[in-house]
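Text of target_39.txt, listed as compact mmCIF, C-alpha atoms:
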```txt
# COMPACT_ATOMS: atom_id res chain seq x y z
CA MET A 1 -103.16 93.69 -120.45
CA GLY A 2 -105.21 90.56 -121.14
CA LYS A 3 -105.15 87.14 -119.60
CA GLN A 4 -105.10 83.65 -120.98
CA ALA A 5 -106.50 80.45 -119.60
CA ILE A 6 -104.18 77.49 -119.33
CA ASN A 7 -106.64 74.61 -119.15
CA LEU A 8 -105.78 71.61 -117.01
CA THR A 9 -107.58 68.35 -116.41
CA SER A 10 -108.57 68.74 -112.76
CA VAL A 11 -108.55 71.03 -109.78
CA THR A 12 -105.66 69.04 -108.24
CA TYR A 13 -103.44 69.69 -111.25
CA ALA A 14 -104.55 73.32 -111.41
CA MET A 15 -103.49 73.82 -107.79
CA LYS A 16 -100.25 71.95 -108.28
CA ALA A 17 -99.55 74.07 -111.36
CA GLN A 18 -100.32 77.28 -109.51
CA LYS A 19 -97.82 76.42 -106.76
CA ILE A 20 -95.14 75.52 -109.30
CA LEU A 21 -95.61 78.82 -111.14
CA GLU A 22 -95.62 80.79 -107.89
CA ARG A 23 -92.22 79.38 -107.04
CA ARG A 24 -90.99 80.77 -110.36
CA GLY A 25 -92.55 84.17 -109.81
CA ILE A 26 -95.60 83.75 -112.02
CA PHE A 27 -98.88 84.48 -110.27
CA SER A 28 -102.23 83.22 -111.41
CA HIS A 29 -105.70 82.49 -110.21
CA ILE A 30 -107.67 79.29 -110.61
CA GLY A 31 -111.18 79.02 -111.94
CA LYS A 32 -113.44 76.54 -113.61
CA SER A 33 -112.64 76.31 -117.32
CA ARG A 34 -115.04 78.54 -119.23
CA ARG A 35 -114.94 76.49 -122.38
CA ASN A 36 -115.49 72.83 -123.04
CA GLN A 37 -112.09 71.23 -122.57
CA ALA A 38 -111.26 70.08 -126.09
CA GLY A 39 -114.66 68.42 -126.25
CA MET A 40 -114.10 66.48 -123.02
CA GLY A 41 -116.09 68.60 -120.56
CA CYS A 42 -115.23 70.13 -117.19
CA GLY A 43 -111.78 71.12 -116.06
CA TYR A 44 -109.97 73.89 -114.25
CA SER A 45 -107.86 76.68 -115.64
CA LEU A 46 -105.02 78.85 -114.51
CA TYR A 47 -105.58 82.44 -115.55
CA VAL A 48 -102.25 84.11 -116.23
CA HIS A 49 -101.21 87.41 -117.77
CA ASP A 50 -100.50 87.37 -121.49
CA LYS A 51 -96.87 88.25 -120.88
CA ASP A 52 -96.35 85.17 -118.71
CA VAL A 53 -98.16 82.59 -120.79
CA LEU A 54 -95.30 81.22 -122.83
CA MET A 55 -93.02 80.93 -119.85
CA ALA A 56 -95.79 79.35 -117.78
CA ILE A 57 -96.47 76.73 -120.44
CA GLY A 58 -92.77 75.94 -120.60
CA ILE A 59 -92.47 75.56 -116.83
CA LEU A 60 -95.56 73.38 -116.52
CA THR A 61 -94.45 71.16 -119.39
CA GLU A 62 -91.01 70.82 -117.82
CA ASN A 63 -92.74 69.65 -114.64
CA GLY A 64 -94.70 66.98 -116.46
CA LEU A 65 -98.14 68.59 -116.27
CA THR A 66 -100.55 67.94 -119.09
CA ILE A 67 -101.99 71.12 -120.59
CA VAL A 68 -105.27 70.44 -122.33
CA SER A 69 -105.44 73.74 -124.19
CA VAL A 70 -104.75 77.46 -123.89
CA ASP A 71 -107.47 80.05 -124.53
CA LYS A 72 -107.49 83.79 -124.80
CA VAL A 73 -109.87 85.04 -122.14
CA GLY A 74 -112.78 86.92 -123.67
CA VAL A 75 -114.39 89.97 -122.15
CA MET B 14 -112.01 56.42 -68.69
CA ILE B 15 -108.41 55.74 -69.65
CA TYR B 16 -108.22 55.05 -73.35
CA PHE B 17 -105.76 52.38 -74.50
CA ASP B 18 -107.43 51.40 -77.78
CA ASN B 19 -105.54 53.67 -80.14
CA ALA B 20 -104.73 50.87 -82.57
CA ALA B 21 -108.45 50.77 -83.34
CA THR B 22 -108.75 54.53 -83.57
CA SER B 23 -106.97 57.29 -81.70
CA TYR B 24 -108.77 59.14 -78.94
CA PRO B 25 -108.86 61.89 -77.96
CA LYS B 26 -108.22 63.89 -81.09
CA PRO B 27 -106.12 67.05 -80.85
CA GLU B 28 -108.13 70.22 -80.23
CA SER B 29 -106.89 71.55 -83.58
CA VAL B 30 -108.60 68.60 -85.33
CA ILE B 31 -111.87 69.32 -83.56
CA HIS B 32 -111.63 72.99 -84.50
CA GLY B 33 -110.71 72.06 -88.06
CA VAL B 34 -113.77 69.85 -88.40
CA ASN B 35 -115.96 72.57 -86.91
CA ARG B 36 -114.53 75.17 -89.29
CA ALA B 37 -114.99 72.81 -92.22
CA MET B 38 -118.66 72.36 -91.40
CA ARG B 39 -119.16 76.10 -91.15
CA GLN B 40 -116.87 77.54 -93.82
CA TYR B 41 -115.98 74.83 -96.32
CA GLY B 42 -119.35 73.30 -97.05
CA ALA B 43 -119.12 73.30 -100.84
CA ASN B 44 -118.09 70.42 -103.07
CA PRO B 45 -114.40 70.68 -103.99
CA GLY B 46 -113.30 70.13 -107.57
CA ARG B 47 -116.75 70.33 -109.03
CA SER B 48 -117.83 73.96 -109.20
CA GLY B 49 -116.04 77.23 -109.77
CA HIS B 50 -117.69 79.46 -107.21
CA THR B 51 -115.70 80.93 -104.38
CA MET B 52 -116.63 78.48 -101.63
CA SER B 53 -116.00 75.47 -103.87
CA MET B 54 -112.58 76.83 -104.78
CA LYS B 55 -111.73 77.57 -101.14
CA THR B 56 -112.81 74.06 -100.15
CA ALA B 57 -110.72 72.59 -102.97
CA GLU B 58 -107.75 74.57 -101.69
CA LYS B 59 -108.16 72.99 -98.24
CA ILE B 60 -108.33 69.51 -99.75
CA TYR B 61 -105.23 70.22 -101.79
CA GLU B 62 -103.42 71.41 -98.65
CA CYS B 63 -104.02 68.04 -97.05
CA ARG B 64 -103.01 66.19 -100.20
CA LYS B 65 -99.76 68.14 -100.27
CA ASN B 66 -99.15 67.57 -96.58
CA VAL B 67 -99.62 63.80 -96.94
CA ALA B 68 -97.36 63.79 -100.00
CA GLU B 69 -94.59 65.64 -98.16
CA LEU B 70 -94.86 63.41 -95.10
CA PHE B 71 -94.46 60.20 -97.12
CA GLY B 72 -92.22 61.35 -99.98
CA ALA B 73 -94.83 61.26 -102.74
CA ASN B 74 -96.30 63.53 -105.39
CA GLU B 75 -99.56 65.29 -104.51
CA GLU B 76 -101.54 63.66 -107.29
CA GLU B 77 -100.53 60.20 -106.08
CA VAL B 78 -102.40 60.81 -102.82
CA VAL B 79 -105.88 59.29 -103.07
CA PHE B 80 -108.37 59.92 -100.29
CA THR B 81 -110.39 56.89 -99.23
CA SER B 82 -112.87 56.16 -96.47
CA ASN B 83 -110.40 54.12 -94.39
CA CYS B 84 -107.32 51.94 -94.70
CA THR B 85 -109.36 48.89 -95.73
CA SER B 86 -110.80 50.79 -98.65
CA ALA B 87 -107.30 51.86 -99.70
CA LEU B 88 -106.04 48.28 -99.46
CA ASN B 89 -108.94 46.86 -101.48
CA THR B 90 -108.47 49.51 -104.15
CA ALA B 91 -104.81 48.64 -104.59
CA ILE B 92 -104.99 44.87 -104.16
CA LYS B 93 -108.04 44.23 -106.33
CA GLY B 94 -107.10 46.95 -108.77
CA VAL B 95 -103.68 45.66 -109.61
CA LEU B 96 -104.02 41.88 -109.60
CA SER B 97 -105.03 39.83 -112.63
CA GLN B 98 -105.73 36.22 -113.52
CA GLY B 99 -102.75 33.97 -112.74
CA ASP B 100 -100.92 36.38 -110.47
CA HIS B 101 -99.25 35.20 -107.28
CA VAL B 102 -99.16 37.27 -104.10
CA ILE B 103 -97.10 37.01 -100.92
CA ILE B 104 -98.44 38.27 -97.62
CA SER B 105 -97.12 37.82 -94.08
CA ASP B 106 -98.44 35.74 -91.22
CA LEU B 107 -99.21 38.92 -89.27
CA GLU B 108 -101.73 40.40 -91.71
CA HIS B 109 -104.94 42.03 -90.64
CA ASN B 110 -108.10 40.85 -92.38
CA SER B 111 -108.00 44.01 -94.48
CA VAL B 112 -105.11 42.45 -96.40
CA LEU B 113 -105.87 38.78 -95.87
CA ARG B 114 -109.53 38.85 -96.89
CA PRO B 115 -109.24 40.66 -100.24
CA VAL B 116 -106.28 38.45 -101.17
CA HIS B 117 -108.08 35.31 -100.01
CA ALA B 118 -111.28 36.32 -101.83
CA LEU B 119 -109.38 36.68 -105.10
CA ALA B 120 -107.82 33.26 -104.51
CA GLU B 121 -111.21 31.70 -103.74
CA ARG B 122 -112.51 33.04 -107.03
CA GLY B 123 -109.60 31.38 -108.80
CA VAL B 124 -108.05 34.65 -109.92
CA ILE B 125 -104.78 34.45 -108.00
CA THR B 126 -102.77 32.22 -105.69
CA TYR B 127 -101.05 33.41 -102.56
CA SER B 128 -98.42 32.37 -100.05
CA VAL B 129 -97.88 33.38 -96.45
CA ALA B 130 -94.38 34.34 -95.28
CA THR B 131 -93.36 33.71 -91.68
CA VAL B 132 -92.23 36.77 -89.79
CA SER B 133 -89.45 36.23 -87.25
CA GLU B 134 -89.73 38.73 -84.43
CA GLY B 135 -86.65 40.94 -84.29
CA ASP B 136 -84.81 39.05 -87.04
CA PHE B 137 -85.11 41.11 -90.20
CA ASN B 138 -82.80 38.86 -92.23
CA LYS B 139 -84.78 35.74 -91.45
CA THR B 140 -88.05 37.49 -92.28
CA LEU B 141 -86.62 38.77 -95.54
CA GLU B 142 -85.44 35.29 -96.47
CA ALA B 143 -88.91 33.92 -95.74
CA PHE B 144 -90.40 36.32 -98.29
CA GLU B 145 -87.67 35.68 -100.83
CA ARG B 146 -88.11 31.91 -100.66
CA LEU B 147 -91.75 32.24 -101.68
CA ILE B 148 -91.16 34.29 -104.82
CA ARG B 149 -92.25 32.59 -108.03
CA PRO B 150 -91.98 33.73 -111.64
CA GLU B 151 -95.64 34.79 -111.50
CA THR B 152 -95.35 36.71 -108.22
CA ARG B 153 -96.87 40.09 -108.97
CA LEU B 154 -97.23 41.63 -105.52
CA ILE B 155 -95.90 41.48 -101.99
CA ALA B 156 -98.46 42.99 -99.63
CA CYS B 157 -97.56 43.24 -95.99
CA THR B 158 -98.18 45.15 -92.84
CA HIS B 159 -95.52 47.49 -91.53
CA GLY B 160 -96.26 46.28 -88.02
CA SER B 161 -98.73 43.89 -86.42
CA ASN B 162 -101.93 45.38 -85.03
CA LEU B 163 -102.00 42.51 -82.54
CA ASN B 164 -98.57 42.53 -80.98
CA GLY B 165 -96.62 45.37 -82.60
CA VAL B 166 -93.96 43.23 -84.28
CA ILE B 167 -92.39 45.28 -87.10
CA LEU B 168 -91.55 43.95 -90.55
CA PRO B 169 -88.42 45.08 -92.43
CA ILE B 170 -90.28 47.00 -95.10
CA ARG B 171 -87.25 48.79 -96.52
CA GLN B 172 -85.48 45.49 -97.10
CA ILE B 173 -88.61 43.83 -98.50
CA GLY B 174 -89.13 46.86 -100.73
CA ALA B 175 -85.57 46.59 -102.04
CA LEU B 176 -86.14 42.90 -102.71
CA CYS B 177 -89.31 43.72 -104.65
CA ARG B 178 -87.58 46.37 -106.70
CA LYS B 179 -84.73 43.98 -107.53
CA ARG B 180 -87.10 41.21 -108.56
CA GLY B 181 -89.60 43.40 -110.46
CA ILE B 182 -92.42 42.78 -107.97
CA LEU B 183 -94.92 45.40 -106.86
CA PHE B 184 -94.77 46.31 -103.17
CA LEU B 185 -97.74 47.30 -101.04
CA VAL B 186 -97.45 48.34 -97.40
CA ASP B 187 -100.30 48.39 -94.91
CA ALA B 188 -99.30 51.23 -92.61
CA ALA B 189 -102.44 51.01 -90.49
CA GLN B 190 -100.48 51.04 -87.25
CA SER B 191 -97.33 52.89 -88.27
CA ALA B 192 -98.43 55.94 -90.28
CA GLY B 193 -97.75 58.94 -88.09
CA VAL B 194 -95.64 56.90 -85.68
CA ILE B 195 -92.66 55.74 -87.73
CA PRO B 196 -91.35 57.67 -90.77
CA ILE B 197 -92.08 55.99 -94.10
CA ASN B 198 -90.79 57.20 -97.44
CA MET B 199 -92.22 55.90 -100.69
CA GLY B 200 -88.89 56.32 -102.47
CA THR B 201 -86.36 55.03 -99.97
CA HIS B 202 -88.63 52.15 -98.93
CA PHE B 203 -89.35 51.25 -102.59
CA ILE B 204 -93.10 51.29 -101.99
CA ASP B 205 -95.54 51.21 -104.88
CA PHE B 206 -98.74 51.38 -102.81
CA LEU B 207 -98.95 52.73 -99.28
CA CYS B 208 -102.26 52.38 -97.44
CA MET B 209 -103.15 54.05 -94.17
CA PRO B 210 -106.03 55.17 -92.02
CA GLY B 211 -106.42 58.86 -91.32
CA HIS B 212 -107.98 58.27 -87.93
CA LYS B 213 -105.25 56.41 -86.02
CA GLY B 214 -101.66 57.69 -85.86
CA LEU B 215 -102.48 60.68 -88.04
CA TYR B 216 -105.17 61.79 -85.56
CA GLY B 217 -107.81 62.64 -88.16
CA PRO B 218 -111.53 61.90 -87.86
CA SER B 219 -112.92 58.44 -88.55
CA GLY B 220 -114.02 57.91 -92.12
CA THR B 221 -110.67 59.02 -93.50
CA GLY B 222 -108.00 56.95 -95.19
CA VAL B 223 -105.29 57.36 -97.79
CA LEU B 224 -103.86 55.34 -100.63
CA ILE B 225 -100.59 56.65 -102.01
CA ALA B 226 -100.19 55.09 -105.41
CA ALA B 227 -96.80 55.56 -107.02
CA ARG B 228 -97.97 53.08 -109.65
CA GLY B 229 -101.53 54.28 -109.94
CA ASP B 230 -101.25 53.72 -113.67
CA LEU B 231 -101.45 49.97 -112.97
CA ILE B 232 -104.64 50.10 -110.88
CA ARG B 233 -108.04 49.43 -112.42
CA PRO B 234 -110.58 51.49 -110.46
CA LEU B 235 -113.05 49.56 -108.31
CA MET B 236 -115.50 52.41 -108.76
CA GLU B 237 -116.23 54.72 -111.63
CA GLY B 238 -118.22 57.89 -111.41
CA GLY B 239 -118.17 61.63 -111.15
CA THR B 240 -114.79 63.26 -110.68
CA GLY B 241 -115.45 66.82 -111.79
CA SER B 242 -113.00 66.34 -114.64
CA LEU B 243 -113.45 65.43 -118.32
CA SER B 244 -117.17 65.30 -117.63
CA LEU B 245 -118.27 64.60 -121.19
CA GLU B 246 -116.12 61.51 -121.44
CA TYR B 247 -117.91 58.20 -120.87
CA SER B 248 -114.71 56.65 -119.55
CA GLN B 249 -113.12 57.23 -116.17
CA PRO B 250 -110.19 59.70 -116.29
CA ASN B 251 -106.89 57.84 -116.38
CA PHE B 252 -105.01 60.33 -114.21
CA LEU B 253 -104.66 60.41 -110.44
CA PRO B 254 -106.20 61.15 -108.08
CA ASP B 255 -109.44 61.38 -110.12
CA LYS B 256 -109.05 57.86 -111.49
CA LEU B 257 -109.48 56.42 -107.98
CA GLU B 258 -111.51 59.16 -106.33
CA SER B 259 -115.01 58.95 -107.76
CA GLY B 260 -117.75 60.75 -105.91
CA THR B 261 -117.57 63.55 -103.41
CA VAL B 262 -114.69 63.21 -100.98
CA ASN B 263 -115.05 63.43 -97.21
CA THR B 264 -114.33 67.13 -97.10
CA VAL B 265 -114.89 67.59 -93.39
CA GLY B 266 -112.82 64.52 -92.57
CA ILE B 267 -109.95 65.50 -94.84
CA ILE B 268 -109.77 69.02 -93.42
CA GLY B 269 -109.70 67.47 -89.95
CA LEU B 270 -107.05 65.01 -91.11
CA ASN B 271 -104.86 67.86 -92.28
CA GLN B 272 -104.95 69.29 -88.77
CA GLY B 273 -104.05 65.84 -87.42
CA ILE B 274 -101.03 65.71 -89.70
CA GLU B 275 -100.01 69.18 -88.56
CA PHE B 276 -100.23 67.89 -84.98
CA VAL B 277 -97.94 64.95 -85.82
CA LYS B 278 -95.49 67.24 -87.60
CA SER B 279 -95.40 69.64 -84.68
CA ARG B 280 -94.76 66.87 -82.13
CA THR B 281 -92.56 64.96 -84.59
CA MET B 282 -92.87 61.24 -85.18
CA THR B 283 -89.56 60.64 -83.43
CA LYS B 284 -90.87 62.09 -80.18
CA ILE B 285 -94.29 60.46 -80.47
CA TYR B 286 -92.74 57.05 -81.06
CA GLU B 287 -90.26 57.49 -78.24
CA HIS B 288 -93.00 58.56 -75.83
CA GLU B 289 -95.28 55.67 -76.73
CA MET B 290 -92.43 53.15 -76.61
CA ASN B 291 -91.51 54.34 -73.11
CA LEU B 292 -95.08 53.69 -72.04
CA ALA B 293 -95.11 50.30 -73.75
CA THR B 294 -91.82 49.29 -72.13
CA VAL B 295 -92.94 50.24 -68.64
CA LEU B 296 -96.22 48.40 -69.14
CA TYR B 297 -94.44 45.31 -70.46
CA GLU B 298 -92.04 45.27 -67.52
CA GLY B 299 -94.87 45.82 -65.06
CA LEU B 300 -97.07 43.09 -66.50
CA SER B 301 -94.17 40.65 -66.75
CA LYS B 302 -93.78 40.82 -62.95
CA ILE B 303 -97.40 39.79 -62.37
CA HIS B 304 -97.60 36.06 -61.84
CA ASP B 305 -100.60 35.21 -64.01
CA THR B 306 -99.74 37.43 -66.97
CA ILE B 307 -98.89 35.96 -70.35
CA LEU B 308 -97.02 38.19 -72.81
CA TYR B 309 -96.53 37.29 -76.45
CA THR B 310 -93.51 39.24 -77.61
CA ARG B 311 -90.10 40.14 -76.34
CA LYS B 312 -89.69 43.39 -74.46
CA PRO B 313 -90.57 46.19 -76.92
CA GLN B 314 -87.56 47.56 -78.72
CA LYS B 315 -87.41 50.66 -80.89
CA GLY B 316 -87.21 49.76 -84.55
CA LEU B 317 -88.43 46.23 -83.92
CA HIS B 318 -91.79 46.89 -82.27
CA LEU B 319 -94.67 49.29 -82.43
CA PRO B 320 -96.05 50.54 -79.10
CA VAL B 321 -98.64 47.77 -78.79
CA ILE B 322 -98.75 45.29 -75.91
CA CYS B 323 -100.70 42.06 -76.24
CA PHE B 324 -101.33 40.01 -73.10
CA ASN B 325 -103.59 37.56 -71.33
CA LEU B 326 -104.19 36.41 -67.80
CA THR B 327 -104.06 32.69 -67.11
CA GLY B 328 -107.48 31.08 -67.17
CA ARG B 329 -109.28 33.99 -68.82
CA THR B 330 -109.99 34.89 -72.41
CA GLY B 331 -108.80 38.16 -73.87
CA GLU B 332 -112.38 39.45 -73.93
CA GLU B 333 -112.76 38.59 -70.26
CA VAL B 334 -109.62 40.53 -69.41
CA ALA B 335 -110.70 43.54 -71.49
CA GLY B 336 -114.22 43.34 -70.07
CA LYS B 337 -112.96 43.25 -66.51
CA LEU B 338 -110.66 46.20 -67.14
CA ASN B 339 -113.55 48.12 -68.65
CA GLU B 340 -115.30 47.83 -65.28
CA TYR B 341 -112.30 49.65 -63.81
CA GLY B 342 -112.42 52.38 -66.45
CA PHE B 343 -109.85 51.14 -68.96
CA ALA B 344 -110.62 50.94 -72.67
CA LEU B 345 -108.69 48.05 -74.24
CA ARG B 346 -109.55 45.79 -77.10
CA GLY B 347 -110.04 42.12 -76.42
CA GLY B 348 -110.88 39.28 -78.79
CA TYR B 349 -109.24 38.53 -82.09
CA HIS B 350 -108.41 41.96 -83.50
CA CYS B 351 -109.34 40.95 -87.08
CA ALA B 352 -105.99 39.16 -87.22
CA PRO B 353 -106.56 35.40 -87.44
CA LEU B 354 -103.12 34.60 -88.84
CA ALA B 355 -101.35 36.48 -86.05
CA HIS B 356 -103.50 34.89 -83.33
CA LYS B 357 -102.84 31.45 -84.74
CA LYS B 358 -99.12 32.21 -84.87
CA GLN B 359 -98.97 33.20 -81.20
CA GLY B 360 -101.36 30.44 -80.11
CA THR B 361 -104.25 32.65 -79.06
CA ASP B 362 -106.73 31.67 -81.76
CA GLN B 363 -108.92 29.99 -79.13
CA ILE B 364 -108.76 32.50 -76.29
CA GLY B 365 -108.01 35.79 -78.02
CA ALA B 366 -105.98 38.40 -76.20
CA ALA B 367 -106.17 41.82 -74.61
CA ARG B 368 -104.36 44.63 -76.38
CA VAL B 369 -103.06 47.93 -75.08
CA SER B 370 -102.20 50.54 -77.71
CA PHE B 371 -101.02 54.07 -77.09
CA SER B 372 -101.27 57.55 -78.51
CA ALA B 373 -99.37 60.76 -77.92
CA PHE B 374 -101.94 61.64 -75.25
CA ASN B 375 -101.38 58.68 -72.94
CA ARG B 376 -99.41 59.32 -69.76
CA MET B 377 -97.15 57.25 -67.54
CA ASP B 378 -99.51 57.51 -64.56
CA GLU B 379 -102.21 55.84 -66.67
CA VAL B 380 -99.86 52.95 -67.39
CA GLU B 381 -98.96 52.64 -63.71
CA LYS B 382 -102.65 52.58 -62.82
CA LEU B 383 -103.27 49.80 -65.33
CA ILE B 384 -100.42 47.69 -63.94
CA LYS B 385 -101.72 48.19 -60.41
CA THR B 386 -105.25 47.24 -61.44
CA VAL B 387 -104.16 44.06 -63.22
CA ASN B 388 -102.01 43.17 -60.24
CA ASN B 389 -105.04 43.39 -57.95
CA PHE B 390 -107.20 41.07 -60.04
```
Output the structure of this file as structure tokens.
Amino acid sequence: MGKQAINLTSVTYAMKAQKILERRGIFSHIGKSRRNQAGMGCGYSLYVHDKDVLMAIGILTENGLTIVSVDKVGV
Amino acid sequence: MIYFDNAATSYPKPESVIHGVNRAMRQYGANPGRSGHTMSMKTAEKIYECRKNVAELFGANEEEVVFTSNCTSALNTAIKGVLSQGDHVIISDLEHNSVLRPVHALAERGVITYSVATVSEGDFNKTLEAFERLIRPETRLIACTHGSNLNGVILPIRQIGALCRKRGILFLVDAAQSAGVIPINMGTHFIDFLCMPGHKGLYGPSGTGVLIAARGDLIRPLMEGGTGSLSLEYSQPNFLPDKLESGTVNTVGIIGLNQGIEFVKSRTMTKIYEHEMNLATVLYEGLSKIHDTILYTRKPQKGLHLPVICFNLTGRTGEEVAGKLNEYGFALRGGYHCAPLAHKKQGTDQIGAARVSFSAFNRMDEVEKLIKTVNNF
């Protein structure tokens, strides 16, 4: 099963997002965004399983977090 | 040495803070929020832990917690960042220079005007009325201390906050002496900007401070620079904490601060305040029985005073009293305590005063020894 990167603006938001998802049973790890964040440069990403991505996006949006973009993680 | 200068900075620090700083130097030496390697991520996690701890302690969101180098830096960021041409500000007559000077500097440059509200010791209604009377249509901000660093007199911040909310005025609290001693909640106290040192009642290392900005959207940053986010953008990020946290944060200090907060949480503020107020009360009563002692407040009362005792001895300046006590092994602060308004108010602007301020580590026998020493002068 693959993973997707939910790209957030900063490490603070990535960590906040990770804790929110954990409380809802979705586990992820945080890493530096691999791709240029929508042309704006550095950011941090939550790497989540494909199966959880849609729910994770919904939860984070509900909690007012800004998602910059979502990328399929390449090999 | 018996240390009674905790209003300047707390000493000693809890062992857990010392260990935390040591561990930070050894294990968390990378730059948080910049790189993606393992040590950077682990360091970022530690910084986030502290951010979350501060947020929980003061009823805020994590991202609203901005780390600064001290309380003064937090105050300048909020005061200068939020005020614009033509604004009016109200401060109290107990303000430290860290509030007075940035406000006065803006007034001297013709940017703002300001008024000074009279605080009535122990009379919250009268103090509240004093603030309310000074409100003008152009009043943008009320900035006041939670409690005087000179004599411990507490201001009714919840009531002032409610007044601000009702009148559409921003509310800033300088919690330099109260953070970690008296519970403060951003929501229930209607606070827009809460500024505090990390190195006093929160028992962190020096070089740490916090601004909690519920209305960070209104602050123009004093500094722009690297934040590790949106790096290709020429403009400063507009989201907190990055907007107000340019440059590498004090990682070691913040990790130590987190341990300090854990110490406060484990002791509880209620118990710390009660302990320090017991010491303050005994000291006050002891000093009041000594013929030549001059005291400047009523007997300390919970809810109305912080555990700070300001006194003088007839015929001596505050520096002379503090200097003499230093010879006997007591660390007090004499002089003017960066609080010209408060000294003028209590009539000590010519002679200064000696100040005793407590921490969780002070003991009753130390207070008794101080009383005995002053009595033998």
For chain A, which residue out of B:Pro115, B:Gly46, B:Pro250, B:Gly260 is the nearest one, using all atoms listed in the file?
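That would be B:Gly46, the residue with the smallest distance to chain A.
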Pick from A:Ile20, A:Val53, A:Leu46, A:Met40, whichever lies nearest to chain B using all atoms listed in the file
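Distance minimum relative to chain B lands on A:Met40.
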For B:Asn138, work out the shell of residues within 10 Å, counting all atoms listed in the file and skipping chain neighbours fewer than 3 positions away, then give it as a PyMOL selection string.
chain B and resi 132-133+135+141-143+169+172-173
Produce a table with one row for each residue of stretch 16-131 of chain B that has an atom at most 9 Å from any atom of stretch 177-185 of chain B, each row naming the nearest atom pair and its distance in Å at one decimal; use only C-alpha atoms; arrange rows by chain and rising residue number; format as a Markdown table.
```
| residue | atom | partner | partner_atom | distance |
| --- | --- | --- | --- | --- |
| B:Leu88 | CA | B:Leu185 | CA | 8.5 |
| B:Ala91 | CA | B:Leu185 | CA | 8.0 |
| B:Ile92 | CA | B:Leu185 | CA | 8.3 |
```
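Interatomic distance, atom CA of B:Ser191 against atom CA of B:Ala352: 16.3 Å.
Here atom CA of A:Val73 stands at a distance of 13.3 Å from atom CA of A:Ser28.
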One decimal, Å: what's the distance from atom CA of A:Gly2 over to atom CA of A:Val70, could you say?
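Value for the atom CA of A:Gly2-atom CA of A:Val70 distance: 13.4 Å.
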